[in-house]
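A short worksheet on the structure shown next.
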Amino acid sequence: MGVVCYFAGMKNPTLFVLFFGVVFGVRAQTVPSLSALQTAIDKAAPGAVIILANGLYTASAAITVARQGTAAHPITIKAETVGGAEIAGTAGFSILAPASHIIIQGFKFTHSASRAVMAPGTSYCRWTHNLFQTPGDGEDLLLNGSDHEVDYNTFQHKDAMGRYIAVRGTGSQIAERLHIHHNYFFDQKPQKGNGAETLQFGLSGYSLSNSNSVVEYNVFEECAGENELISVKASQLTIRYNTIRNCPAQFTLRHGNRSSVYGNYFINTPGLRIFGDDHTIFSNYFENCNPAIMVGNGDGEVADGAKLTSHDRPDRVLIAFNTLVNNAANILQSGRANGLGATDITIANNIIQGGGPAAKIAGPYTGGAWSGNIVNGAGGPGDMPEGGYAMTDPRLVRDASGIFRLQAGSPAVDAAAGSYPAITVDMDGQRRTGVFDKGADEVSVAPVVAHVLSADEVGAGIPAGARIL
């Protein structure tokens, strides 16, 4: 216990690693050059800790990693201090099969884009506390393989085609069980053309394969590479508790089915657009968006043999328990020449306050179910059918973080219409119990596990003065 307490107060991570290595036998070494780094990597055994001394390094050949650690003893490749070792030039880390249980930590990457690569056949690798600012066309980070983790990284200042993160797969199978969390995506300049999403998860050829990945607790600010901010082209993802702020690009479920999108904060952004089947969209907060939620108007039905590249008609999507405040357009379906529209969409127990009409539906729109929604001060119900809403004041008030919440005595409390077992938590990550409250916020004394995020709660943690501006 004394050793653990001593480490808790140790601020120098290099001293920690060296001391840990002496006491517990971890093989830690510091190297002074990229050539020495490559030599150390090529010899690394499970438990090795390889530290690149602080400095600026220019890479002209890929730093390849094909070694295998273990879950208990990963191979760690790290900067001497977070942000202290910068890798510039025309090459970066290339993680190759059968690499597994590799940690890349604390680097500043300013080398050319598309040089940080995870190959198919890799597994259980982690990128953590790195800063990516890679110039030129291409991705900052390309993910193949499965069971990888990308956390507490900063991706910033991109002014070229390509994505901050692109996720791929093998054959028709998307990468599986990825965990992308607590990253900061900032300042992506608008580009002409298609192919500059902030996060592109998959391609149409992977869209029917299940990923079972989680994207959570990330912050997206001032990202406008193209019209799509996050583009999901795979099935069965969980995307939760992210904050999207001041991004003139849209989160799109572009291809694929059965994704869950909940507990996200959309502020001053074009919100969420939905294609595909059987998604659950709940407990999200939308403010000053245009639109907030767009139900896609399909141009094909993949289940009937349409091309995977089509805008698959949305079917059986649940849109419930969201809070929409002061959005120019709230729930929208745009018209489309020869569009197939959407079928069997359930829109229930949402709170819509201020802004434009509660709903504008161009159609076709068959089998839609509307119930329990609250509309207040918006431009009227619009196309929301009578019986699917009540015009009443939900008594929302701003909290200290600027988010509108329910207060005592709200007609939304314990008032949800219907039973929705797929709805499990509110925007704070608190469990919903009993008769649910309408909107994204469940009045609860349970511990809060999520909130609207600021930039200083995510990212690489490199001091502001050390960032590349």
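Please note that chains go A, B, ... in the order of the structure tokens, that every chain numbers its residues from 1, and that ligands are numbered from 1 in the order shown.
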*Using only C-alpha atoms, which residues sit within 9 Å of Gly434 (chain A) once same-chain residues fewer than 2 positions away are excluded, as a ChimeraX atom specification?*
/A:414,432,436
Kindly save the residues from that selection, with N, CA and C atoms included, as a PDB file, in the first residue's frame.
ATOM      1  N   ASP A 414     -42.684  11.607 -14.633  1.00  0.00           N
ATOM      2  CA  ASP A 414     -43.500  10.397 -14.432  1.00  0.00           C
ATOM      3  C   ASP A 414     -44.728  10.385 -15.343  1.00  0.00           C
ATOM      4  N   ARG A 432     -33.320   4.912 -15.906  1.00  0.00           N
ATOM      5  CA  ARG A 432     -34.736   5.282 -15.890  1.00  0.00           C
ATOM      6  C   ARG A 432     -35.504   4.179 -15.168  1.00  0.00           C
ATOM      7  N   PHE A 436     -41.367   6.548 -16.774  1.00  0.00           N
ATOM      8  CA  PHE A 436     -40.281   7.432 -17.182  1.00  0.00           C
ATOM      9  C   PHE A 436     -40.754   8.883 -17.279  1.00  0.00           C
TER      10      PHE A 436
END
Show me, as a PDB file with C-alpha atoms, in the first residue's frame, the residues that have an atom within 7 Å of Ile274 (chain A) when counting only C-alpha atoms, minus same-chain residues fewer than 6 positions from it.
ATOM      1  CA  THR A 252     -25.176  10.558 -40.134  1.00  0.00           C
ATOM      2  CA  LEU A 253     -26.222   6.949 -39.738  1.00  0.00           C
ATOM      3  CA  ARG A 254     -25.431   6.569 -43.426  1.00  0.00           C
ATOM      4  CA  MET A 294     -33.595  14.320 -39.805  1.00  0.00           C
ATOM      5  CA  VAL A 295     -35.400  11.132 -40.743  1.00  0.00           C
ATOM      6  CA  GLY A 296     -33.890  10.213 -44.089  1.00  0.00           C
ATOM      7  CA  PRO A 314     -35.309   4.040 -42.633  1.00  0.00           C
TER       8      PRO A 314
END
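Distances from A:Ala328, A:Leu453, A:Ala88, A:Ala234 to Tyr206 (chain A) were compared using only C-alpha atoms, and the smallest one belongs to A:Ala234.
The two atoms in question, CA of Pro270 (chain A) and CA of Asp437 (chain A), are spaced 26.0 Å apart.
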*Residues near Thr433 (chain A), cut-off 9 Å, only C-alpha atoms, skip fewer than 3 positions along chain, as a list in words*: Thr424, Val425, Phe436 and Glu442 of chain A
*Surrounding residues of region 55-58 of chain A excluding itself and chain neighbours under 2 positions, 12 Å, only C-alpha atoms, as a ChimeraX atom specification*: /A:31-35,37,51-53,60-63,79-92,107-112
I need the chosen residues saved as an mmCIF file, in the first residue's frame, with C-alpha atoms.
data_model
loop_
_atom_site.group_PDB
_atom_site.id
_atom_site.type_symbol
_atom_site.label_atom_id
_atom_site.label_comp_id
_atom_site.auth_asym_id
_atom_site.auth_seq_id
_atom_site.Cartn_x
_atom_site.Cartn_y
_atom_site.Cartn_z
ATOM 1 C CA VAL A 31 16.205 5.269 -26.563
ATOM 2 C CA PRO A 32 17.686 8.405 -28.180
ATOM 3 C CA SER A 33 16.790 7.952 -31.862
ATOM 4 C CA LEU A 34 14.245 6.443 -34.249
ATOM 5 C CA SER A 35 16.712 3.779 -35.335
ATOM 6 C CA LEU A 37 13.504 2.840 -31.208
ATOM 7 C CA ILE A 51 10.666 5.309 -23.995
ATOM 8 C CA LEU A 52 11.638 7.713 -26.763
ATOM 9 C CA ALA A 53 13.586 10.623 -25.299
ATOM 10 C CA SER A 60 11.545 8.765 -43.470
ATOM 11 C CA ALA A 61 10.649 5.086 -42.980
ATOM 12 C CA ALA A 62 7.739 3.513 -41.135
ATOM 13 C CA ILE A 63 8.245 2.593 -37.493
ATOM 14 C CA ALA A 79 7.239 9.491 -25.239
ATOM 15 C CA GLU A 80 9.461 10.510 -22.346
ATOM 16 C CA THR A 81 6.788 13.006 -21.330
ATOM 17 C CA VAL A 82 3.368 13.507 -22.861
ATOM 18 C CA GLY A 83 3.872 15.614 -25.981
ATOM 19 C CA GLY A 84 7.636 15.777 -25.459
ATOM 20 C CA ALA A 85 8.642 13.507 -28.347
ATOM 21 C CA GLU A 86 7.487 14.772 -31.744
ATOM 22 C CA ILE A 87 7.608 12.610 -34.869
ATOM 23 C CA ALA A 88 7.653 14.619 -38.092
ATOM 24 C CA GLY A 89 8.657 13.696 -41.635
ATOM 25 C CA THR A 90 6.979 11.329 -44.072
ATOM 26 C CA ALA A 91 6.405 8.239 -41.921
ATOM 27 C CA GLY A 92 4.939 7.166 -38.589
ATOM 28 C CA PHE A 107 3.569 11.329 -28.812
ATOM 29 C CA LYS A 108 3.071 14.417 -30.921
ATOM 30 C CA PHE A 109 2.570 13.385 -34.556
ATOM 31 C CA THR A 110 3.275 16.012 -37.212
ATOM 32 C CA HIS A 111 4.377 13.642 -39.970
ATOM 33 C CA SER A 112 2.420 13.304 -43.227
#
_Applying 12 Å and only C-alpha atoms, which residues near region 144-148 of chain A remain after dropping the ones on its own chain fewer than 4 positions away? List them as a PyMOL selection string._
chain A and resi 71+94-104+116-128+165-171+173-181+201-202+210-215
*Using DSSP on the backbone coordinates, identify all residues within region 363-458 of chain A classified as strand (DSSP E or B); present the result as a list in words.*
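These are the residues in question: Tyr365, Thr366, Ala369, Trp370, Ser371, Asn373, Ile374, Val375, Asn376, Gly382, Tyr389, Ala390, Met391, Leu396, Val397, Arg398, Phe404, Arg405, Leu406, Val425 and Arg431 of chain A.
Distance-wise, CA of Gly271 (chain A) and CA of Pro190 (chain A) end up 17.3 Å apart.
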_Selected residue of minimal separation from Asp344 (chain A) among A:Gly368, A:Gly363, A:Pro411, A:Gly377, counting only C-alpha atoms_ =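 Of A:Gly368, A:Gly363, A:Pro411, A:Gly377, the one nearest Asp344 (chain A), counting only C-alpha atoms, is A:Gly368.
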_Pairwise distance for CA of Ala450 (chain A) and CA of Ala224 (chain A), rounded to one decimal in Å_ = 25.3 Å
*What lies within 8 Å of Ala359 (chain A) using only C-alpha atoms, ignoring chain neighbours under 4 positions off, as a PyMOL selection string?*
chain A and resi 329-332+381-384
For those residues, write N, CA and C atoms to a file as a PDB file, in the first residue's frame.
ATOM      1  N   ALA A 329     -35.148  23.878 -37.174  1.00  0.00           N
ATOM      2  CA  ALA A 329     -35.994  22.754 -37.595  1.00  0.00           C
ATOM      3  C   ALA A 329     -35.808  21.648 -36.573  1.00  0.00           C
ATOM      4  N   ASN A 330     -36.888  21.036 -36.158  1.00  0.00           N
ATOM      5  CA  ASN A 330     -36.827  20.039 -35.099  1.00  0.00           C
ATOM      6  C   ASN A 330     -36.767  18.621 -35.656  1.00  0.00           C
ATOM      7  N   ILE A 331     -37.894  18.027 -35.943  1.00  0.00           N
ATOM      8  CA  ILE A 331     -37.919  16.699 -36.562  1.00  0.00           C
ATOM      9  C   ILE A 331     -38.324  16.895 -38.021  1.00  0.00           C
ATOM     10  N   LEU A 332     -37.455  16.470 -38.913  1.00  0.00           N
ATOM     11  CA  LEU A 332     -37.594  16.835 -40.328  1.00  0.00           C
ATOM     12  C   LEU A 332     -37.414  15.614 -41.212  1.00  0.00           C
ATOM     13  N   PRO A 381     -47.265  22.443 -33.923  1.00  0.00           N
ATOM     14  CA  PRO A 381     -46.931  21.020 -34.100  1.00  0.00           C
ATOM     15  C   PRO A 381     -46.480  20.678 -35.502  1.00  0.00           C
ATOM     16  N   GLY A 382     -46.768  21.550 -36.472  1.00  0.00           N
ATOM     17  CA  GLY A 382     -46.407  21.223 -37.846  1.00  0.00           C
ATOM     18  C   GLY A 382     -47.121  19.968 -38.309  1.00  0.00           C
ATOM     19  N   ASP A 383     -46.374  19.005 -38.778  1.00  0.00           N
ATOM     20  CA  ASP A 383     -46.957  17.767 -39.298  1.00  0.00           C
ATOM     21  C   ASP A 383     -47.102  16.684 -38.238  1.00  0.00           C
ATOM     22  N   MET A 384     -46.860  17.034 -36.985  1.00  0.00           N
ATOM     23  CA  MET A 384     -47.083  16.047 -35.934  1.00  0.00           C
ATOM     24  C   MET A 384     -48.586  15.852 -35.770  1.00  0.00           C
TER      25      MET A 384
END
*Neighbour list for Ser204 (chain A) as a PyMOL selection string, cut-off 6 Å, only C-alpha atoms, skip fewer than 4 positions in-chain*: chain A and resi 233+308-309
May I have the selected residues written with C-alpha atoms, as a compact mmCIF listing (two decimals), in the first residue's frame?
# COMPACT_ATOMS: atom_id res chain seq x y z
CA LYS A 233 -21.37 2.77 -42.40
CA LEU A 308 -25.41 -1.11 -50.37
CA THR A 309 -24.42 2.37 -51.53
*Looking at only C-alpha atoms, which of A:Trp370, A:Tyr164, A:Phe93, A:Phe132 is the one that sits closest to Arg115 (chain A)?*
A:Phe93
